[in-house]
$ cat start_3.cif   # mmCIF, N, CA and C atoms
data_entry
#
loop_
_atom_site.label_atom_id
_atom_site.label_comp_id
_atom_site.auth_asym_id
_atom_site.auth_seq_id
_atom_site.Cartn_x
_atom_site.Cartn_y
_atom_site.Cartn_z
N MET T 257 -34.01 74.91 -18.09
CA MET T 257 -34.05 76.04 -18.97
C MET T 257 -35.13 75.83 -20.04
N PHE T 258 -34.87 74.96 -21.00
CA PHE T 258 -35.88 74.65 -22.01
C PHE T 258 -36.44 73.28 -21.73
N ASN T 259 -37.72 73.12 -21.93
CA ASN T 259 -38.36 71.83 -21.73
C ASN T 259 -38.62 71.21 -23.10
N ILE T 260 -37.55 70.73 -23.74
CA ILE T 260 -37.65 70.13 -25.07
C ILE T 260 -37.61 68.62 -24.92
N ALA T 261 -38.64 67.96 -25.43
CA ALA T 261 -38.68 66.50 -25.36
C ALA T 261 -37.67 65.91 -26.34
N THR T 262 -36.95 64.91 -25.87
CA THR T 262 -35.91 64.29 -26.71
C THR T 262 -36.13 62.80 -26.86
N HIS T 263 -37.35 62.34 -26.75
CA HIS T 263 -37.61 60.91 -26.81
C HIS T 263 -38.86 60.63 -27.65
N MET T 264 -38.95 59.38 -28.08
CA MET T 264 -40.16 58.87 -28.73
C MET T 264 -40.59 57.64 -27.95
N ASP T 265 -41.88 57.37 -27.94
CA ASP T 265 -42.31 56.12 -27.33
C ASP T 265 -42.13 54.97 -28.32
N PHE T 266 -42.36 53.76 -27.84
CA PHE T 266 -42.11 52.58 -28.66
C PHE T 266 -42.97 52.56 -29.92
N GLU T 267 -44.24 52.87 -29.78
CA GLU T 267 -45.13 52.88 -30.95
C GLU T 267 -44.79 54.02 -31.89
N GLY T 268 -44.33 55.13 -31.35
CA GLY T 268 -43.92 56.25 -32.18
C GLY T 268 -42.71 55.91 -33.03
N GLN T 269 -41.79 55.13 -32.47
CA GLN T 269 -40.62 54.70 -33.25
C GLN T 269 -41.05 53.84 -34.44
N GLY T 270 -42.00 52.94 -34.19
CA GLY T 270 -42.50 52.10 -35.28
C GLY T 270 -43.23 52.93 -36.33
N ARG T 271 -44.02 53.90 -35.87
CA ARG T 271 -44.74 54.78 -36.80
C ARG T 271 -43.76 55.60 -37.64
N ALA T 272 -42.71 56.12 -37.01
CA ALA T 272 -41.71 56.92 -37.74
C ALA T 272 -40.97 56.07 -38.76
N GLU T 273 -40.62 54.85 -38.39
CA GLU T 273 -39.91 53.97 -39.33
C GLU T 273 -40.79 53.62 -40.53
N LYS T 274 -42.05 53.31 -40.27
CA LYS T 274 -42.96 52.96 -41.36
C LYS T 274 -43.17 54.16 -42.29
N LEU T 275 -43.34 55.35 -41.71
CA LEU T 275 -43.53 56.54 -42.51
C LEU T 275 -42.31 56.84 -43.37
N SER T 276 -41.12 56.70 -42.80
CA SER T 276 -39.91 56.99 -43.59
C SER T 276 -39.75 55.99 -44.73
N ARG T 277 -40.06 54.73 -44.49
CA ARG T 277 -39.97 53.74 -45.57
C ARG T 277 -40.96 54.02 -46.68
N VAL T 278 -42.18 54.41 -46.32
CA VAL T 278 -43.19 54.72 -47.34
C VAL T 278 -42.76 55.92 -48.16
N ILE T 279 -42.29 56.98 -47.51
CA ILE T 279 -41.88 58.20 -48.23
C ILE T 279 -40.73 57.90 -49.18
N ILE T 280 -39.71 57.21 -48.69
CA ILE T 280 -38.54 56.94 -49.53
C ILE T 280 -38.91 56.01 -50.69
N THR T 281 -39.76 55.03 -50.44
CA THR T 281 -40.19 54.13 -51.52
C THR T 281 -40.99 54.88 -52.58
N LEU T 282 -41.92 55.72 -52.15
CA LEU T 282 -42.72 56.49 -53.12
C LEU T 282 -41.85 57.44 -53.94
N PHE T 283 -40.97 58.16 -53.27
CA PHE T 283 -40.10 59.08 -54.01
C PHE T 283 -39.16 58.32 -54.94
N GLY T 284 -38.70 57.16 -54.51
CA GLY T 284 -37.84 56.36 -55.38
C GLY T 284 -38.57 55.87 -56.61
N ALA T 285 -39.80 55.40 -56.43
CA ALA T 285 -40.58 54.92 -57.57
C ALA T 285 -40.91 56.05 -58.53
N VAL T 286 -41.36 57.19 -57.97
CA VAL T 286 -41.68 58.34 -58.83
C VAL T 286 -40.42 58.83 -59.53
N GLY T 287 -39.31 58.89 -58.82
CA GLY T 287 -38.06 59.33 -59.44
C GLY T 287 -37.61 58.39 -60.54
N LEU T 288 -37.76 57.10 -60.32
CA LEU T 288 -37.38 56.13 -61.35
C LEU T 288 -38.24 56.27 -62.59
N ILE T 289 -39.54 56.42 -62.40
CA ILE T 289 -40.44 56.58 -63.54
C ILE T 289 -40.15 57.88 -64.29
N TRP T 290 -40.00 58.99 -63.52
CA TRP T 290 -39.73 60.27 -64.16
C TRP T 290 -38.37 60.26 -64.88
N GLY T 291 -37.36 59.68 -64.25
CA GLY T 291 -36.04 59.59 -64.88
C GLY T 291 -36.08 58.75 -66.14
N TYR T 292 -36.88 57.70 -66.15
CA TYR T 292 -37.01 56.87 -67.35
C TYR T 292 -37.72 57.63 -68.47
N ILE T 293 -38.76 58.38 -68.11
CA ILE T 293 -39.51 59.12 -69.13
C ILE T 293 -38.63 60.16 -69.80
N ILE T 294 -37.85 60.91 -69.01
CA ILE T 294 -37.03 61.96 -69.62
C ILE T 294 -35.59 61.50 -69.90
N GLN T 295 -35.30 60.24 -69.62
CA GLN T 295 -33.99 59.64 -69.89
C GLN T 295 -32.85 60.38 -69.18
N GLN T 296 -33.10 60.74 -67.91
CA GLN T 296 -32.09 61.41 -67.09
C GLN T 296 -32.03 60.73 -65.72
N PHE T 297 -30.97 59.94 -65.52
CA PHE T 297 -30.83 59.25 -64.24
C PHE T 297 -30.58 60.24 -63.11
N SER T 298 -29.98 61.37 -63.43
CA SER T 298 -29.71 62.37 -62.39
C SER T 298 -31.00 62.88 -61.77
N GLN T 299 -32.07 62.97 -62.54
CA GLN T 299 -33.37 63.40 -62.00
C GLN T 299 -33.91 62.37 -61.01
N THR T 300 -33.66 61.11 -61.27
CA THR T 300 -34.05 60.05 -60.35
C THR T 300 -33.34 60.23 -59.01
N VAL T 301 -32.05 60.51 -59.08
CA VAL T 301 -31.26 60.69 -57.86
C VAL T 301 -31.73 61.93 -57.11
N TYR T 302 -31.99 63.03 -57.80
CA TYR T 302 -32.45 64.26 -57.14
C TYR T 302 -33.78 64.05 -56.44
N ILE T 303 -34.69 63.36 -57.10
CA ILE T 303 -36.00 63.10 -56.49
C ILE T 303 -35.85 62.19 -55.28
N LEU T 304 -35.00 61.19 -55.36
CA LEU T 304 -34.76 60.31 -54.22
C LEU T 304 -34.13 61.07 -53.06
N ILE T 305 -33.20 61.95 -53.35
CA ILE T 305 -32.58 62.75 -52.28
C ILE T 305 -33.62 63.65 -51.62
N ALA T 306 -34.53 64.22 -52.41
CA ALA T 306 -35.60 65.03 -51.85
C ALA T 306 -36.49 64.19 -50.92
N GLY T 307 -36.75 62.95 -51.30
CA GLY T 307 -37.55 62.06 -50.46
C GLY T 307 -36.84 61.73 -49.15
N VAL T 308 -35.54 61.50 -49.22
CA VAL T 308 -34.77 61.21 -48.01
C VAL T 308 -34.77 62.42 -47.07
N LEU T 309 -34.60 63.61 -47.64
CA LEU T 309 -34.63 64.83 -46.82
C LEU T 309 -36.00 65.03 -46.17
N LEU T 310 -37.06 64.84 -46.94
CA LEU T 310 -38.41 64.98 -46.39
C LEU T 310 -38.66 63.94 -45.30
N ALA T 311 -38.26 62.71 -45.54
CA ALA T 311 -38.45 61.66 -44.53
C ALA T 311 -37.64 61.98 -43.27
N SER T 312 -36.45 62.52 -43.44
CA SER T 312 -35.62 62.88 -42.29
C SER T 312 -36.27 63.99 -41.46
N ILE T 313 -36.79 65.01 -42.15
CA ILE T 313 -37.43 66.12 -41.44
C ILE T 313 -38.67 65.65 -40.70
N LEU T 314 -39.41 64.71 -41.28
CA LEU T 314 -40.66 64.26 -40.67
C LEU T 314 -40.46 63.20 -39.59
N THR T 315 -39.35 62.46 -39.62
CA THR T 315 -39.25 61.32 -38.70
C THR T 315 -38.12 61.40 -37.69
N ILE T 316 -37.08 62.17 -37.93
CA ILE T 316 -35.98 62.20 -36.96
C ILE T 316 -36.31 63.01 -35.71
N PRO T 317 -36.85 64.23 -35.82
CA PRO T 317 -37.19 64.94 -34.58
C PRO T 317 -38.32 64.25 -33.84
N PRO T 318 -38.32 64.31 -32.52
CA PRO T 318 -39.40 63.66 -31.75
C PRO T 318 -40.66 64.51 -31.71
N TRP T 319 -41.35 64.59 -32.84
CA TRP T 319 -42.59 65.36 -32.91
C TRP T 319 -43.62 64.78 -31.94
N PRO T 320 -44.61 65.59 -31.53
CA PRO T 320 -45.63 65.08 -30.58
C PRO T 320 -46.42 63.88 -31.10
N ILE T 321 -46.52 63.72 -32.41
CA ILE T 321 -47.24 62.56 -32.95
C ILE T 321 -46.55 61.25 -32.57
N TYR T 322 -45.25 61.30 -32.28
CA TYR T 322 -44.50 60.10 -31.92
C TYR T 322 -44.41 59.90 -30.41
N ARG T 323 -45.07 60.75 -29.62
CA ARG T 323 -45.00 60.65 -28.16
C ARG T 323 -46.39 60.53 -27.54
N ARG T 324 -47.28 59.85 -28.20
CA ARG T 324 -48.66 59.76 -27.71
C ARG T 324 -48.87 58.74 -26.60
N LYS T 325 -48.08 57.68 -26.58
CA LYS T 325 -48.27 56.60 -25.61
C LYS T 325 -46.97 56.33 -24.85
N PRO T 326 -46.64 57.18 -23.88
CA PRO T 326 -45.38 56.96 -23.15
C PRO T 326 -45.47 55.72 -22.25
N LEU T 327 -44.31 55.15 -21.99
CA LEU T 327 -44.25 53.99 -21.11
C LEU T 327 -44.38 54.42 -19.66
N ASN T 328 -45.14 53.66 -18.89
CA ASN T 328 -45.23 53.90 -17.46
C ASN T 328 -44.24 52.97 -16.76
N TRP T 329 -43.16 53.55 -16.29
CA TRP T 329 -42.11 52.75 -15.67
C TRP T 329 -42.51 52.37 -14.25
N GLN T 330 -42.06 51.20 -13.84
CA GLN T 330 -42.30 50.77 -12.46
C GLN T 330 -41.37 51.53 -11.55
N LYS T 331 -41.83 51.72 -10.31
CA LYS T 331 -40.98 52.38 -9.33
C LYS T 331 -39.91 51.39 -8.88
N PRO T 332 -38.70 51.86 -8.59
CA PRO T 332 -37.64 50.95 -8.17
C PRO T 332 -37.94 50.33 -6.81
N ARG T 333 -37.51 49.09 -6.66
CA ARG T 333 -37.68 48.41 -5.39
C ARG T 333 -36.67 48.96 -4.39
N PRO T 334 -37.05 48.99 -3.12
CA PRO T 334 -36.08 49.44 -2.12
C PRO T 334 -34.97 48.41 -1.95
N GLU T 335 -33.79 48.89 -1.58
CA GLU T 335 -32.65 48.01 -1.36
C GLU T 335 -32.94 47.10 -0.16
N PRO T 336 -32.54 45.82 -0.24
CA PRO T 336 -32.76 44.92 0.90
C PRO T 336 -31.84 45.32 2.06
N GLN T 337 -32.33 45.08 3.26
CA GLN T 337 -31.55 45.39 4.47
C GLN T 337 -30.38 44.43 4.58
N GLN T 338 -29.19 44.94 4.87
CA GLN T 338 -28.03 44.08 5.02
C GLN T 338 -27.79 43.83 6.50
N THR T 339 -27.26 42.64 6.80
CA THR T 339 -26.98 42.28 8.20
C THR T 339 -25.75 43.04 8.68
N THR T 340 -25.69 43.30 9.96
CA THR T 340 -24.57 44.06 10.52
C THR T 340 -23.34 43.19 10.75
N SER T 341 -23.53 41.85 10.83
CA SER T 341 -22.38 40.99 11.10
C SER T 341 -21.49 40.83 9.87
N GLY T 342 -22.05 40.98 8.68
CA GLY T 342 -21.25 40.88 7.47
C GLY T 342 -21.00 39.46 7.02
N ALA T 343 -21.36 38.46 7.81
CA ALA T 343 -21.14 37.06 7.42
C ALA T 343 -22.31 36.60 6.57
N GLU T 344 -21.99 35.94 5.45
CA GLU T 344 -23.04 35.43 4.57
C GLU T 344 -23.27 33.96 4.88
N THR T 345 -24.50 33.56 4.84
CA THR T 345 -24.82 32.16 5.06
C THR T 345 -24.74 31.43 3.73
N GLU T 346 -24.75 30.12 3.77
CA GLU T 346 -24.68 29.32 2.56
C GLU T 346 -25.90 29.54 1.68
N SER T 347 -27.06 29.72 2.29
CA SER T 347 -28.28 29.89 1.50
C SER T 347 -28.26 31.22 0.74
N SER T 348 -27.72 32.28 1.34
CA SER T 348 -27.67 33.54 0.62
C SER T 348 -26.64 33.52 -0.49
N LYS T 349 -25.55 32.72 -0.33
CA LYS T 349 -24.57 32.59 -1.40
C LYS T 349 -25.19 31.87 -2.59
N LYS T 350 -26.01 30.87 -2.34
CA LYS T 350 -26.64 30.12 -3.42
C LYS T 350 -27.67 30.99 -4.16
N LYS T 351 -28.36 31.84 -3.43
CA LYS T 351 -29.37 32.71 -4.05
C LYS T 351 -28.73 33.72 -4.98
N LYS T 352 -27.53 34.19 -4.64
CA LYS T 352 -26.86 35.19 -5.45
C LYS T 352 -26.40 34.62 -6.77
N LYS T 353 -26.08 33.34 -6.84
CA LYS T 353 -25.59 32.72 -8.06
C LYS T 353 -26.73 32.44 -8.94
#
$ encode --input "start_3.cif" --output "structure tokens"
Amino acid sequence: MFNIATHMDFEGQGRAEKLSRVIITLFGAVGLIWGYIIQQFSQTVYILIAGVLLASILTIPPWPIYRRKPLNWQKPRPEPQQTTSGAETESSKKKKK
């Protein structure tokens, strides 16, 4: 029905994490400075919450910027042929362990 991507590649996950940490740290520092200047801790909290919301909007959805280098998965190996007699030899038992 809809072709909505729901994944990020490995490098995109790292990029999203780094971006969210930078945004939250900057908003926290600015909020702390602004709250100290006007002597209102509530302003610090509001600014930090705004930073968390912005970081969430920018990093939680799998935007195309986070899907630039997808992994190329290997094709699965075919199943090995099983013997028709059903009896296992000692060497095959040792290989399984």
$ resolve_selection --input "start_3.cif" --expression "the PyMOL selection byres ((chain T and resi 275-280) around 8)" --output "PDB file with N, CA and C atoms, in the coordinates of the input"
ATOM      1  N   GLN T 269     -41.790  55.130 -32.470  1.00  0.00           N
ATOM      2  CA  GLN T 269     -40.620  54.700 -33.250  1.00  0.00           C
ATOM      3  C   GLN T 269     -41.050  53.840 -34.440  1.00  0.00           C
ATOM      4  N   GLY T 270     -42.000  52.940 -34.190  1.00  0.00           N
ATOM      5  CA  GLY T 270     -42.500  52.100 -35.280  1.00  0.00           C
ATOM      6  C   GLY T 270     -43.230  52.930 -36.330  1.00  0.00           C
ATOM      7  N   ARG T 271     -44.020  53.900 -35.870  1.00  0.00           N
ATOM      8  CA  ARG T 271     -44.740  54.780 -36.800  1.00  0.00           C
ATOM      9  C   ARG T 271     -43.760  55.600 -37.640  1.00  0.00           C
ATOM     10  N   ALA T 272     -42.710  56.120 -37.010  1.00  0.00           N
ATOM     11  CA  ALA T 272     -41.710  56.920 -37.740  1.00  0.00           C
ATOM     12  C   ALA T 272     -40.970  56.070 -38.760  1.00  0.00           C
ATOM     13  N   GLU T 273     -40.620  54.850 -38.390  1.00  0.00           N
ATOM     14  CA  GLU T 273     -39.910  53.970 -39.330  1.00  0.00           C
ATOM     15  C   GLU T 273     -40.790  53.620 -40.530  1.00  0.00           C
ATOM     16  N   LYS T 274     -42.050  53.310 -40.270  1.00  0.00           N
ATOM     17  CA  LYS T 274     -42.960  52.960 -41.360  1.00  0.00           C
ATOM     18  C   LYS T 274     -43.170  54.160 -42.290  1.00  0.00           C
ATOM     19  N   THR T 281     -39.760  55.030 -50.440  1.00  0.00           N
ATOM     20  CA  THR T 281     -40.190  54.130 -51.520  1.00  0.00           C
ATOM     21  C   THR T 281     -40.990  54.880 -52.580  1.00  0.00           C
ATOM     22  N   LEU T 282     -41.920  55.720 -52.150  1.00  0.00           N
ATOM     23  CA  LEU T 282     -42.720  56.490 -53.120  1.00  0.00           C
ATOM     24  C   LEU T 282     -41.850  57.440 -53.940  1.00  0.00           C
ATOM     25  N   PHE T 283     -40.970  58.160 -53.270  1.00  0.00           N
ATOM     26  CA  PHE T 283     -40.100  59.080 -54.010  1.00  0.00           C
ATOM     27  C   PHE T 283     -39.160  58.320 -54.940  1.00  0.00           C
ATOM     28  N   GLY T 284     -38.700  57.160 -54.510  1.00  0.00           N
ATOM     29  CA  GLY T 284     -37.840  56.360 -55.380  1.00  0.00           C
ATOM     30  C   GLY T 284     -38.570  55.870 -56.610  1.00  0.00           C
ATOM     31  N   ALA T 285     -39.800  55.400 -56.430  1.00  0.00           N
ATOM     32  CA  ALA T 285     -40.580  54.920 -57.570  1.00  0.00           C
ATOM     33  C   ALA T 285     -40.910  56.050 -58.530  1.00  0.00           C
ATOM     34  N   VAL T 286     -41.360  57.190 -57.970  1.00  0.00           N
ATOM     35  CA  VAL T 286     -41.680  58.340 -58.830  1.00  0.00           C
ATOM     36  C   VAL T 286     -40.420  58.830 -59.530  1.00  0.00           C
ATOM     37  N   LEU T 304     -35.000  61.190 -55.360  1.00  0.00           N
ATOM     38  CA  LEU T 304     -34.760  60.310 -54.220  1.00  0.00           C
ATOM     39  C   LEU T 304     -34.130  61.070 -53.060  1.00  0.00           C
ATOM     40  N   ALA T 306     -34.530  64.220 -52.410  1.00  0.00           N
ATOM     41  CA  ALA T 306     -35.600  65.030 -51.850  1.00  0.00           C
ATOM     42  C   ALA T 306     -36.490  64.190 -50.920  1.00  0.00           C
ATOM     43  N   GLY T 307     -36.750  62.950 -51.300  1.00  0.00           N
ATOM     44  CA  GLY T 307     -37.550  62.060 -50.460  1.00  0.00           C
ATOM     45  C   GLY T 307     -36.840  61.730 -49.150  1.00  0.00           C
ATOM     46  N   VAL T 308     -35.540  61.500 -49.220  1.00  0.00           N
ATOM     47  CA  VAL T 308     -34.770  61.210 -48.010  1.00  0.00           C
ATOM     48  C   VAL T 308     -34.770  62.420 -47.070  1.00  0.00           C
ATOM     49  N   LEU T 309     -34.600  63.610 -47.640  1.00  0.00           N
ATOM     50  CA  LEU T 309     -34.630  64.830 -46.820  1.00  0.00           C
ATOM     51  C   LEU T 309     -36.000  65.030 -46.170  1.00  0.00           C
ATOM     52  N   LEU T 310     -37.060  64.840 -46.940  1.00  0.00           N
ATOM     53  CA  LEU T 310     -38.410  64.980 -46.390  1.00  0.00           C
ATOM     54  C   LEU T 310     -38.660  63.940 -45.300  1.00  0.00           C
ATOM     55  N   ALA T 311     -38.260  62.710 -45.540  1.00  0.00           N
ATOM     56  CA  ALA T 311     -38.450  61.660 -44.530  1.00  0.00           C
ATOM     57  C   ALA T 311     -37.640  61.980 -43.270  1.00  0.00           C
ATOM     58  N   SER T 312     -36.450  62.520 -43.440  1.00  0.00           N
ATOM     59  CA  SER T 312     -35.620  62.880 -42.290  1.00  0.00           C
ATOM     60  C   SER T 312     -36.270  63.990 -41.460  1.00  0.00           C
ATOM     61  N   LEU T 314     -39.410  64.710 -41.280  1.00  0.00           N
ATOM     62  CA  LEU T 314     -40.660  64.260 -40.670  1.00  0.00           C
ATOM     63  C   LEU T 314     -40.460  63.200 -39.590  1.00  0.00           C
ATOM     64  N   THR T 315     -39.350  62.460 -39.620  1.00  0.00           N
ATOM     65  CA  THR T 315     -39.250  61.320 -38.700  1.00  0.00           C
ATOM     66  C   THR T 315     -38.120  61.400 -37.690  1.00  0.00           C
TER      67      THR T 315
END
$ residues_around --input "start_3.cif" --residues "Arg323 (chain T)" --least-positions-apart "6" --cutoff "6.5 Å" --atoms "all atoms listed in the file" --output "list in words"
His263, Met264, Asp265 and Gly268 of chain T
$ closest_residue --input "start_3.cif" --among "T:Tyr322, T:Ile303, T:Ser298, T:Trp290" --to "Thr262 (chain T)" --atoms "only C-alpha atoms"
T:Tyr322
$ atom_distance --input "start_3.cif" --atom1 "CA of Pro332 (chain T)" --atom2 "CA of Pro320 (chain T)"
27.7 Å
$ select_by_dssp --input "start_3.cif" --residues "region 259-333 of chain T" --states "alpha helix (DSSP H)" --output "PyMOL selection string"
chain T and resi 266-294+297-315
$ decode --input "start_3.cif" --residues "region 304-323 of chain T" --atoms "N, CA and C atoms" --output "tab-separated table (two decimals), in the first residue's frame"
chain	number	residue	atom	x	y	z
T	304	LEU	N	15.10	23.62	27.56
T	304	LEU	CA	15.60	22.25	27.42
T	304	LEU	C	14.53	21.34	26.82
T	305	ILE	N	13.29	21.51	27.24
T	305	ILE	CA	12.20	20.70	26.66
T	305	ILE	C	12.05	21.00	25.17
T	306	ALA	N	12.18	22.26	24.78
T	306	ALA	CA	12.13	22.61	23.37
T	306	ALA	C	13.26	21.93	22.59
T	307	GLY	N	14.44	21.86	23.19
T	307	GLY	CA	15.56	21.18	22.54
T	307	GLY	C	15.32	19.69	22.39
T	308	VAL	N	14.73	19.07	23.40
T	308	VAL	CA	14.43	17.64	23.33
T	308	VAL	C	13.39	17.38	22.24
T	309	LEU	N	12.37	18.24	22.16
T	309	LEU	CA	11.36	18.07	21.12
T	309	LEU	C	11.95	18.25	19.73
T	310	LEU	N	12.79	19.26	19.55
T	310	LEU	CA	13.43	19.48	18.26
T	310	LEU	C	14.33	18.30	17.90
T	311	ALA	N	15.11	17.83	18.85
T	311	ALA	CA	15.99	16.68	18.59
T	311	ALA	C	15.17	15.44	18.24
T	312	SER	N	14.04	15.26	18.90
T	312	SER	CA	13.19	14.11	18.62
T	312	SER	C	12.61	14.18	17.20
T	313	ILE	N	12.15	15.37	16.81
T	313	ILE	CA	11.58	15.53	15.47
T	313	ILE	C	12.64	15.31	14.40
T	314	LEU	N	13.87	15.73	14.66
T	314	LEU	CA	14.93	15.61	13.66
T	314	LEU	C	15.59	14.24	13.61
T	315	THR	N	15.53	13.48	14.71
T	315	THR	CA	16.32	12.24	14.73
T	315	THR	C	15.52	10.95	14.86
T	316	ILE	N	14.30	10.99	15.35
T	316	ILE	CA	13.56	9.73	15.51
T	316	ILE	C	13.02	9.20	14.18
T	317	PRO	N	12.36	10.02	13.35
T	317	PRO	CA	11.89	9.47	12.07
T	317	PRO	C	13.07	9.10	11.17
T	318	PRO	N	12.93	8.07	10.36
T	318	PRO	CA	14.03	7.67	9.47
T	318	PRO	C	14.09	8.55	8.21
T	319	TRP	N	14.51	9.79	8.38
T	319	TRP	CA	14.63	10.71	7.26
T	319	TRP	C	15.63	10.16	6.24
T	320	PRO	N	15.54	10.59	4.98
T	320	PRO	CA	16.48	10.09	3.95
T	320	PRO	C	17.95	10.38	4.26
T	321	ILE	N	18.23	11.41	5.04
T	321	ILE	CA	19.62	11.70	5.39
T	321	ILE	C	20.25	10.56	6.20
T	322	TYR	N	19.42	9.77	6.88
T	322	TYR	CA	19.91	8.67	7.70
T	322	TYR	C	19.91	7.34	6.95
T	323	ARG	N	19.56	7.34	5.66
T	323	ARG	CA	19.50	6.10	4.88
T	323	ARG	C	20.37	6.18	3.64
